[in-house]
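Structure, as structure tokens:
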There are 4 protein chains.
Amino acid sequence: MQIEKYLIDEHNHQLSTKHQRNFEHVAADINNLDGVLTKLQAFNVAIPSWALGTGGTRFGRFSGGGEPGSLEEKIEDVGVIHALNRSSNSISLHIPWDIPDNASSIKQLATQLGLHFDAVNSNTFQDQKDAEHSYKFGSLHHVDKVVRAQAVEHNIQVINYGKELGSKALSVWLSDGSNFPGQLNFREAFQRTHESLQEIYNALPHDWKIWIEYKPYEPNFYSTTIGDWGQSLLLANKLGDKAATLVDLGHHLPNTNIEQIVSLLLMEGKLAGFHFNDSKYGDDDLTVGSINPYQLFLIFNELVEGMDARGMAHATSIGWMIDASHNVKDPIEDLLQSVQAIKIAYAQALLIDTPALKTAQQNNDVALAQEILQQAYRTDVRPLIAEASLREGGSLDPIGAYRKLDVRNNLIKERGLKTVATGL
Amino acid sequence: MQIEKYLIDEHNHQLSTKHQRNFEHVAADINNLDGVLTKLQAFNVAIPSWALGTGGTRFGRFSGGGEPGSLEEKIEDVGVIHALNRSSNSISLHIPWDIPDNASSIKQLATQLGLHFDAVNSNTFQDQKDAEHSYKFGSLHHVDKVVRAQAVEHNIQVINYGKELGSKALSVWLSDGSNFPGQLNFREAFQRTHESLQEIYNALPHDWKIWIEYKPYEPNFYSTTIGDWGQSLLLANKLGDKAATLVDLGHHLPNTNIEQIVSLLLMEGKLAGFHFNDSKYGDDDLTVGSINPYQLFLIFNELVEGMDARGMAHATSIGWMIDASHNVKDPIEDLLQSVQAIKIAYAQALLIDTPALKTAQQNNDVALAQEILQQAYRTDVRPLIAEASLREGGSLDPIGAYRKLDVRNNLIKERGLKTVATGL
Amino acid sequence: MQIEKYLIDEHNHQLSTKHQRNFEHVAADINNLDGVLTKLQAFNVAIPSWALGTGGTRFGRFSGGGEPGSLEEKIEDVGVIHALNRSSNSISLHIPWDIPDNASSIKQLATQLGLHFDAVNSNTFQDQKDAEHSYKFGSLHHVDKVVRAQAVEHNIQVINYGKELGSKALSVWLSDGSNFPGQLNFREAFQRTHESLQEIYNALPHDWKIWIEYKPYEPNFYSTTIGDWGQSLLLANKLGDKAATLVDLGHHLPNTNIEQIVSLLLMEGKLAGFHFNDSKYGDDDLTVGSINPYQLFLIFNELVEGMDARGMAHATSIGWMIDASHNVKDPIEDLLQSVQAIKIAYAQALLIDTPALKTAQQNNDVALAQEILQQAYRTDVRPLIAEASLREGGSLDPIGAYRKLDVRNNLIKERGLKTVATGL
Amino acid sequence: MQIEKYLIDEHNHQLSTKHQRNFEHVAADINNLDGVLTKLQAFNVAIPSWALGTGGTRFGRFSGGGEPGSLEEKIEDVGVIHALNRSSNSISLHIPWDIPDNASSIKQLATQLGLHFDAVNSNTFQDQKDAEHSYKFGSLHHVDKVVRAQAVEHNIQVINYGKELGSKALSVWLSDGSNFPGQLNFREAFQRTHESLQEIYNALPHDWKIWIEYKPYEPNFYSTTIGDWGQSLLLANKLGDKAATLVDLGHHLPNTNIEQIVSLLLMEGKLAGFHFNDSKYGDDDLTVGSINPYQLFLIFNELVEGMDARGMAHATSIGWMIDASHNVKDPIEDLLQSVQAIKIAYAQALLIDTPALKTAQQNNDVALAQEILQQAYRTDVRPLIAEASLREGGSLDPIGAYRKLDVRNNLIKERGLKTVATGL
């Protein structure tokens, strides 16, 4: 299903007076309004193909209705999201959950919806039916050469799928690790991982990147072979210029200062991009901005400042992607909320009075530095997001429109009530 | 020093046009504007006597200038804060750091500044010069009866100081615990603590309360005898109706859901009150709202909902107090920021559309419940705080006024540059 | 399959000389050798029916071979464990994963293997096929009365299954909670849970207990309605004498002092028992004693001391059970390692020089208290465990015997290589 | 005071029979007994000059009696420790707490006691009396060039002190960080730190090393500029071959897998050494081995395996040092316990059946790998430690001897009851 533009326009029309009033109020205090809006309008966050279905835990999964049963339906769902928020113009495929058997028709469908293909993701954390070798004890770090070779080969295949679709990056998350002391020789596991990644790296097209994700634990509960940003960066440096570190917000030990990591990776030219989500306890994969929106703002503060310092144009050089699990919400609503939260944080960061902040920092005026940050954060920037969406042809209120247009029920009518999307 | 009212008025006058515009904008969307303002105007947070000086860590302390050198000067500093924000109308004394030797003149000074005396705090976590017995191994839980007796006696003395000043509660934080496995018999330590607290309880005037604080670690690093809310509540229940549990936001293990604890303590009629601060790692004692303002909002959400459910008038029945350490900021500025952050969270919570939230909860409409909460949280309520302050005779912008009026430099002139307040 | 006794004896015979030498060495320093051995011989830990198969995570499961495909086969596996270690004489059933359709024949099989039935476990964290109502949003705390009624009914049915088998306790773990702020009214969820539990409580036979488990997070990632020991104890106290708190070692926030909780629950007469496992990050469900064996020892220190102080005979009054997930090990080996680790910790705790420890505590001689604990902990008590097993007719080296007798391969021959047991 | 050798011998004599029996028992099962004993005999751990006095927290300090009042007395205390355990043959000085004004006489005293000087430690986390510039807002990362210059100059001075004493390394711990979001530009702070360290690095003698310590928080509670091993390694790599990363066991976020970090630093040739301590919550600075001795063993497992893999002779290439705070124990006893715990972990790691472990790892035989590790860990190796000490002329039971010889009371007689050593 697709949302017709005039329906969005109609809904916008109803909200227009109120929006105008709010927008004018906030706009009046912004010096560089056009610059801010331009950046917000250009900003897009990729949707992963596995996020369109209901997620679960090891204790079970409670599916919702109307879940997409095919890659085509997933692309349609991203099309719905993008039609509403005009900020989700790409999809990130996960292989083998979503193999694009017919690349050209898949590509055509995406293009028609205004979408393209972001990084492709490999999967060596599960055994596929008919797989010759098991990943029970790891993949790229496996003690057995033949298992590593199978995993390398899979990654190269994923690159090939990506090439057909126009992707420009391979995103690698390894669950490789150990559950018990003694199970693994850490050093050798790291070295084997390096060796395997080097083979994949060597197969990258010249204009591709490889993004190396890190995670401290789960599904392994004693060690993970690429467990933190330091380990990922070490590998990225050994591999070469095409390799960089991917930050998944949920992949950190309690209390980690993630924004500092982001700042330093940017400094080193090694920030590949983000998997956005939020969490309270671990890799909870909750909706972005639902638990600690201030932290998200602080991360964007580093991004805005650091990209400026490096003269980077954000949209092309950093990978932005949601990676969340929607166990108790409609996945599309969850993704709409997530993208809104990201844009809010971005807009707030753009409002920071940077020269004043620099001066406060230079003077060690800590109270003032906090005031400056919070001045931006406390500002209700939602009218800016709405305006940017409006100018791009999207909805002033994506979730409101989604509900008003009864999209989920239409999907249920199309696809049925008992459907289960591939994914976790 | 005291801030003359006309200076605040002058400063307000300069901000008036802008404030009016902002206030009208936010006010237009609030149904029960008067109710909200009335509650905000009535709201006050106590300032602890030990928070007026620069704080430190075990690695050192870097004092600021113009710190108060006497209880009188501390009361004056609270007077400055209250004159600016009209929300800090009481001071919470810590004995023996701030013994009110001449209660009547102290009381007179406070009254003159519009202040009264909140809960009094005992200290059995440090040895005082000339103390007969040491608290090195604890106080109310000590294995030696004579040490316990000394600590009980001290608490009764603190009650007596409080009576003279018009306090109505004794706030007890015990650092009693152990650093090493084997050091302590947990059960017996708990029982001795109960016994000691019972003696103190028995000495309480009929209209007093005893507030029992909990903390998981520091300064003891293996166990604390009153370590969590469950242990505090167990004691409060054993003691009787006058005993309740005090929640210090920094006194929790990583990732604790504090708002749930607040809700349950309210349910049980055992929420004594709060020590407000913020933290990233442990009992960091950072400025309220500086690290995770959304959590603060969620706590106030529980408070507003729970107090309503119990038909409680907040101002009289719950203890509100800052308990932070100002290591790198001017303490007065830090306290002003803290109170503002608390009032912002309170105002946001008052804006929650409660009936809509109840309905969403009843329907398990999780996405909508989040939208409703965030609708309130994303609202820029600062104009409401400013208006409430204005109506009470305070400043539209307390920190701005404080700086404009050059208060710190005046204090340095009065008191000198090298001053050290009593406290941590 | 069953292990014939003479095979164990033969294997013991080969180890006999070495064992004798080791046993005599350690025995020589133990005052009350007979008392210690008697307690070790009498000690048993229940095996849960869901632990006989390979476990998994939300990212996947890698099954092993020869997994039991029926309740009968699971009982046989427990029989194998018990034949080897003589310390696993009961099985704890999980309904509906392991419904004993024919109770009398199931009971007969168990009896024949020297086994009986420990607590029965209900499951309202998953939807069963054909269930009328979904537990997606909770069970005993659900906003909808009919869902609560279904969950209450299920628990009563589980009690009925248990009665037929001779169980004496219902063990309740609720995953009820929320994933997002706003989703739940904490107070009302708690009160509904209380109400539902009361109905179940009222259906308990007079000689039964209800064990209330707590867990801070997972599968819900913002709040859990019975989230910590304080909440469980609050409910247990409201329910009555038959209700008590079950401690799962993995169900705590980072750095929790679990042994202190154990001590206080014992003090209050409200310690139902344990789910044993070990963890580094969260509810990792790793093999008991594989990550932090000293903590396990400290817990047994509290148990030995606290049960003595209450005059309790351990074997009958506290529930001991493994609750672990075996993702990368043979489940039977993992369970054998777990029971050994528990017995080692218990034996070490029995060796503590209690009078000396009490004196050191009385003198605040912290260094000596640590020496006393570590004197017991550093002792190699494995020969004591072996001797106790031998005297009960078990193996000196359960895992060694299991491997020597090639049990797993025999099970694979019997049951096949591609088998999946019910469970997580 | 010095302990006369004959007193130790007399005490050993009394313990001799029992020791002999225990030693023979454990020795019988060790293949390479001489190799193990040789390594244990050669093993030494440095004592920091600040650890001889009672430590404290921000809430207070409870001094003990007989604390050393001068550097000479501190050296004497290390002499006492070394006389007893023959494993503490060096002292690590902290400047300016322990400035060796008369280097030659200090050196002579040390030599006489069999001691030499380990790494020297700089201090830019406190302001010294008469310091021109304050470190309130950091030192090597400070925004102000003159503060950085002062801090660099201090470090060079510390090197100069060290040169006179025969030290070969400068150990740098920076508390530089921030307490609040906005206070600091992370990138620039990192770059300034690099620049300052480079100046210090350039002043190092050719045969010196610089050890760069990391710590996530405290005394700063939002960010630390060298916060984790990744940041320290990044700096060490930028600086050059003489720079390496120092691991303080307490300086990690909750649940960090420290042993993996150790393994990787060794792999990279960048493991400078250790500050040993133990902790439950944060940088608790508790006695080594008092909270999680298995973790300590796992770290030594990595060390033994990794040093072997690099062909390293441990004693000369890695820095071993205690860094703990003794708040409730006699500092000398605490240090004796700490060194014993380290030697126990080292001995256990030396007993690991490495070929069998490698095979188990190669086979992914996880249960067996655990058995192999725990076989070594469960062994009571204390007789080996005792024998190694005996052969070096030390005590079979250092703490026992210390108490028997009434050392503390002698120190109190010499130095008085109310003494406070410099340090934290």
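Here, A, B, ... name the chains of the structure tokens in the order displayed, residue numbers run from 1 inside each chain, and ligands are numbered from 1 in the same displayed order.
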
Exercise. Excluding B:Val262 and residues on its chain fewer than 3 positions from it, collect all residues at most 9 Å away from it, counting only C-alpha atoms, and give them as a VMD selection string.
Key: chain B and resid 247 258 to 259 265 to 267 271 299 302 to 303 306

Quiz prompt | Distance-based interface of chain C with chain B, 8 Å, counting only C-alpha atoms, as number ranges by chain | solution = C: 137, 143-144, 180-187, 222-223, 229-231, 253-257, 260, 263-264, 267, 298, 357, 360-362, 364-366, 369-370, 373

Quiz item: Using only C-alpha atoms, which residues sit within 9 Å of B:Tyr161 once same-chain residues fewer than 4 positions away are excluded, as a list in words?
Solution: Ile95, Ile99, Pro100, Asp101, Ala103, Val120, Ile156, Gln157, Leu165, Gly166 and Ser167 of chain B

Based on the selection just made, write N, CA and C atoms of those residues as a JSON list (two decimals), in the first residue's frame.
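Result file is selection_30.json:
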[["chain", "number", "residue", "atom", "x", "y", "z"],
["B", 95, "ILE", "N", 23.96, 18.92, 61.57],
["B", 95, "ILE", "CA", 24.63, 19.01, 62.86],
["B", 95, "ILE", "C", 25.71, 17.93, 62.91],
["B", 99, "ILE", "N", 25.83, 24.16, 63.93],
["B", 99, "ILE", "CA", 25.08, 24.18, 65.19],
["B", 99, "ILE", "C", 24.52, 25.58, 65.44],
["B", 100, "PRO", "N", 23.23, 25.66, 65.64],
["B", 100, "PRO", "CA", 22.62, 26.98, 65.91],
["B", 100, "PRO", "C", 22.76, 27.34, 67.38],
["B", 101, "ASP", "N", 23.92, 27.88, 67.72],
["B", 101, "ASP", "CA", 24.17, 28.12, 69.14],
["B", 101, "ASP", "C", 23.16, 29.07, 69.75],
["B", 103, "ALA", "N", 19.72, 29.96, 69.00],
["B", 103, "ALA", "CA", 18.58, 29.60, 68.17],
["B", 103, "ALA", "C", 17.68, 30.80, 67.85],
["B", 120, "VAL", "N", 16.14, 18.58, 60.17],
["B", 120, "VAL", "CA", 17.51, 18.63, 60.67],
["B", 120, "VAL", "C", 18.19, 17.30, 60.39],
["B", 156, "ILE", "N", 19.32, 12.53, 69.24],
["B", 156, "ILE", "CA", 18.33, 13.18, 70.12],
["B", 156, "ILE", "C", 18.69, 14.65, 70.31],
["B", 157, "GLN", "N", 19.99, 14.89, 70.39],
["B", 157, "GLN", "CA", 20.45, 16.27, 70.50],
["B", 157, "GLN", "C", 20.07, 17.07, 69.24],
["B", 165, "LEU", "N", 14.22, 25.43, 66.54],
["B", 165, "LEU", "CA", 14.15, 26.19, 65.29],
["B", 165, "LEU", "C", 12.83, 26.01, 64.56],
["B", 166, "GLY", "N", 12.02, 25.09, 65.06],
["B", 166, "GLY", "CA", 10.74, 24.88, 64.40],
["B", 166, "GLY", "C", 10.77, 23.79, 63.33],
["B", 167, "SER", "N", 11.83, 23.01, 63.28],
["B", 167, "SER", "CA", 11.85, 21.87, 62.35],
["B", 167, "SER", "C", 10.81, 20.85, 62.78]]

Quiz item: Near C:Gly240, counting only C-alpha atoms, which residues have an atom at most 12 Å away, once you skip same-chain residues fewer than 2 positions from it, shown as number ranges by chain?
Solution: C: 194, 197-198, 201-202, 204, 209-211, 233-238, 242-245, 269-270

Restrict the selected residues to C-alpha atoms and save them as a PDB file, in the first residue's frame.
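selection.pdb, written as the output of this step:
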ATOM      1  CA  HIS C 194      -1.383  -8.432  44.521  1.00  0.00           C
ATOM      2  CA  LEU C 197      -1.706 -13.483  43.572  1.00  0.00           C
ATOM      3  CA  GLN C 198      -4.163 -13.440  46.431  1.00  0.00           C
ATOM      4  CA  TYR C 201      -2.741 -17.975  47.240  1.00  0.00           C
ATOM      5  CA  ASN C 202      -6.253 -18.790  48.344  1.00  0.00           C
ATOM      6  CA  LEU C 204      -3.022 -23.259  47.689  1.00  0.00           C
ATOM      7  CA  LYS C 209       4.055 -22.545  49.628  1.00  0.00           C
ATOM      8  CA  ILE C 210       4.061 -19.933  46.913  1.00  0.00           C
ATOM      9  CA  TRP C 211       7.475 -18.638  45.851  1.00  0.00           C
ATOM     10  CA  LEU C 233       8.828  -9.154  50.019  1.00  0.00           C
ATOM     11  CA  LEU C 234       6.115  -6.503  50.129  1.00  0.00           C
ATOM     12  CA  LEU C 235       3.821  -8.869  48.254  1.00  0.00           C
ATOM     13  CA  ALA C 236       4.829 -11.890  50.324  1.00  0.00           C
ATOM     14  CA  ASN C 237       4.031  -9.998  53.488  1.00  0.00           C
ATOM     15  CA  LYS C 238       0.677  -8.887  52.181  1.00  0.00           C
ATOM     16  CA  LYS C 242       2.718 -19.358  52.799  1.00  0.00           C
ATOM     17  CA  ALA C 243       4.292 -16.764  50.555  1.00  0.00           C
ATOM     18  CA  ALA C 244       8.010 -16.088  50.371  1.00  0.00           C
ATOM     19  CA  THR C 245      10.633 -14.599  48.089  1.00  0.00           C
ATOM     20  CA  GLY C 269      11.557 -15.837  57.574  1.00  0.00           C
ATOM     21  CA  LYS C 270      10.788 -15.062  53.946  1.00  0.00           C
TER      22      LYS C 270
END

Quiz item: DSSP says alpha helix (DSSP H) for which residues of stretch 134-287 of chain D? Put them as a ChimeraX atom specification?
Solution: /D:145-165,186-202,229-239,258-267

Quiz item: Got a sec to tell me which of stretch 34-186 of chain B DSSP assigns to strand (DSSP E), as a list of chain:residue names?
Solution: B:Ile47, B:Pro48, B:Gly56, B:Thr57, B:Gly60, B:Arg61, B:Ser90, B:Ile91, B:Ser92, B:His116, B:Phe117, B:Val120, B:Asn121, B:Ala169, B:Leu170, B:Ser171, B:Val172, B:Gly177, B:Ser178

Give me a file of those residues, with N, CA and C atoms, as a PDB file, in the first residue's frame.
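The resulting again_19.pdb:
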ATOM      1  N   ILE B  47      17.093  24.152  50.930  1.00  0.00           N
ATOM      2  CA  ILE B  47      18.527  24.204  50.645  1.00  0.00           C
ATOM      3  C   ILE B  47      19.269  23.671  51.874  1.00  0.00           C
ATOM      4  N   PRO B  48      20.165  22.721  51.667  1.00  0.00           N
ATOM      5  CA  PRO B  48      20.903  22.205  52.827  1.00  0.00           C
ATOM      6  C   PRO B  48      22.036  23.152  53.193  1.00  0.00           C
ATOM      7  N   GLY B  56      33.906  18.684  47.319  1.00  0.00           N
ATOM      8  CA  GLY B  56      35.132  18.052  46.864  1.00  0.00           C
ATOM      9  C   GLY B  56      34.999  16.550  46.778  1.00  0.00           C
ATOM     10  N   THR B  57      36.083  15.915  46.438  1.00  0.00           N
ATOM     11  CA  THR B  57      36.132  14.451  46.381  1.00  0.00           C
ATOM     12  C   THR B  57      37.277  14.000  47.275  1.00  0.00           C
ATOM     13  N   GLY B  60      40.515  15.713  46.520  1.00  0.00           N
ATOM     14  CA  GLY B  60      40.790  17.114  46.787  1.00  0.00           C
ATOM     15  C   GLY B  60      39.578  17.994  46.622  1.00  0.00           C
ATOM     16  N   ARG B  61      39.753  19.240  47.005  1.00  0.00           N
ATOM     17  CA  ARG B  61      38.675  20.218  46.931  1.00  0.00           C
ATOM     18  C   ARG B  61      39.299  21.526  46.443  1.00  0.00           C
ATOM     19  N   SER B  90      13.316  27.504  52.705  1.00  0.00           N
ATOM     20  CA  SER B  90      13.743  26.850  53.945  1.00  0.00           C
ATOM     21  C   SER B  90      15.166  26.348  53.812  1.00  0.00           C
ATOM     22  N   ILE B  91      15.744  26.099  54.958  1.00  0.00           N
ATOM     23  CA  ILE B  91      17.119  25.619  55.034  1.00  0.00           C
ATOM     24  C   ILE B  91      17.130  24.376  55.920  1.00  0.00           C
ATOM     25  N   SER B  92      17.950  23.442  55.527  1.00  0.00           N
ATOM     26  CA  SER B  92      18.019  22.180  56.253  1.00  0.00           C
ATOM     27  C   SER B  92      19.389  22.103  56.910  1.00  0.00           C
ATOM     28  N   HIS B 116      12.313  29.414  56.706  1.00  0.00           N
ATOM     29  CA  HIS B 116      12.133  28.624  57.922  1.00  0.00           C
ATOM     30  C   HIS B 116      13.054  27.417  57.866  1.00  0.00           C
ATOM     31  N   PHE B 117      12.943  26.550  58.855  1.00  0.00           N
ATOM     32  CA  PHE B 117      13.888  25.442  58.966  1.00  0.00           C
ATOM     33  C   PHE B 117      13.240  24.108  58.616  1.00  0.00           C
ATOM     34  N   VAL B 120      16.137  18.575  60.167  1.00  0.00           N
ATOM     35  CA  VAL B 120      17.512  18.630  60.670  1.00  0.00           C
ATOM     36  C   VAL B 120      18.192  17.296  60.394  1.00  0.00           C
ATOM     37  N   ASN B 121      19.485  17.365  60.124  1.00  0.00           N
ATOM     38  CA  ASN B 121      20.256  16.190  59.719  1.00  0.00           C
ATOM     39  C   ASN B 121      21.321  15.859  60.748  1.00  0.00           C
ATOM     40  N   ALA B 169      11.150  17.448  61.364  1.00  0.00           N
ATOM     41  CA  ALA B 169      11.609  16.120  60.954  1.00  0.00           C
ATOM     42  C   ALA B 169      13.104  15.970  61.194  1.00  0.00           C
ATOM     43  N   LEU B 170      13.478  14.738  61.496  1.00  0.00           N
ATOM     44  CA  LEU B 170      14.884  14.368  61.608  1.00  0.00           C
ATOM     45  C   LEU B 170      15.214  13.505  60.401  1.00  0.00           C
ATOM     46  N   SER B 171      16.251  13.906  59.684  1.00  0.00           N
ATOM     47  CA  SER B 171      16.673  13.151  58.512  1.00  0.00           C
ATOM     48  C   SER B 171      17.936  12.380  58.872  1.00  0.00           C
ATOM     49  N   VAL B 172      17.877  11.065  58.701  1.00  0.00           N
ATOM     50  CA  VAL B 172      18.991  10.224  59.132  1.00  0.00           C
ATOM     51  C   VAL B 172      19.610   9.519  57.937  1.00  0.00           C
ATOM     52  N   GLY B 177      28.237   0.389  57.373  1.00  0.00           N
ATOM     53  CA  GLY B 177      28.311  -0.712  56.432  1.00  0.00           C
ATOM     54  C   GLY B 177      29.603  -1.463  56.628  1.00  0.00           C
ATOM     55  N   SER B 178      30.076  -2.089  55.570  1.00  0.00           N
ATOM     56  CA  SER B 178      31.337  -2.822  55.672  1.00  0.00           C
ATOM     57  C   SER B 178      32.092  -2.716  54.360  1.00  0.00           C
TER      58      SER B 178
END

Quiz prompt | Separation of atom CA of C:Trp320 from atom CA of C:Phe274, in Å and rounded to one decimal | solution =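 Separation of atom CA of C:Trp320 and atom CA of C:Phe274: 5.2 Å.
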
Quiz prompt | Spatial neighbours of stretch 149-155 of chain B, 7 Å, only C-alpha atoms, chain gap at least 5 places, as a ChimeraX atom specification | solution = /B:122,124,139-140,196,200

Exercise. Compile the contact shell of B:Ile322 as a PyMOL selection string: residues with an atom at most 12 Å away, counting only C-alpha atoms, same-chain residues fewer than 5 positions apart removed.
Key: chain B and resi 44-52+87-88+90-92+118+247-250+273-278+285-289+331-332+334-342

Quiz prompt | Neighbour list for A:Thr422 as number ranges by chain, cut-off 8 Å, only C-alpha atoms, skip fewer than 5 positions in-chain | solution = A: 50, 53, 69, 97-98

Quiz prompt | Pairwise distance for atom CA of D:Ala345 and atom CA of C:Thr379, rounded to one decimal in Å | solution = 14.3 Å
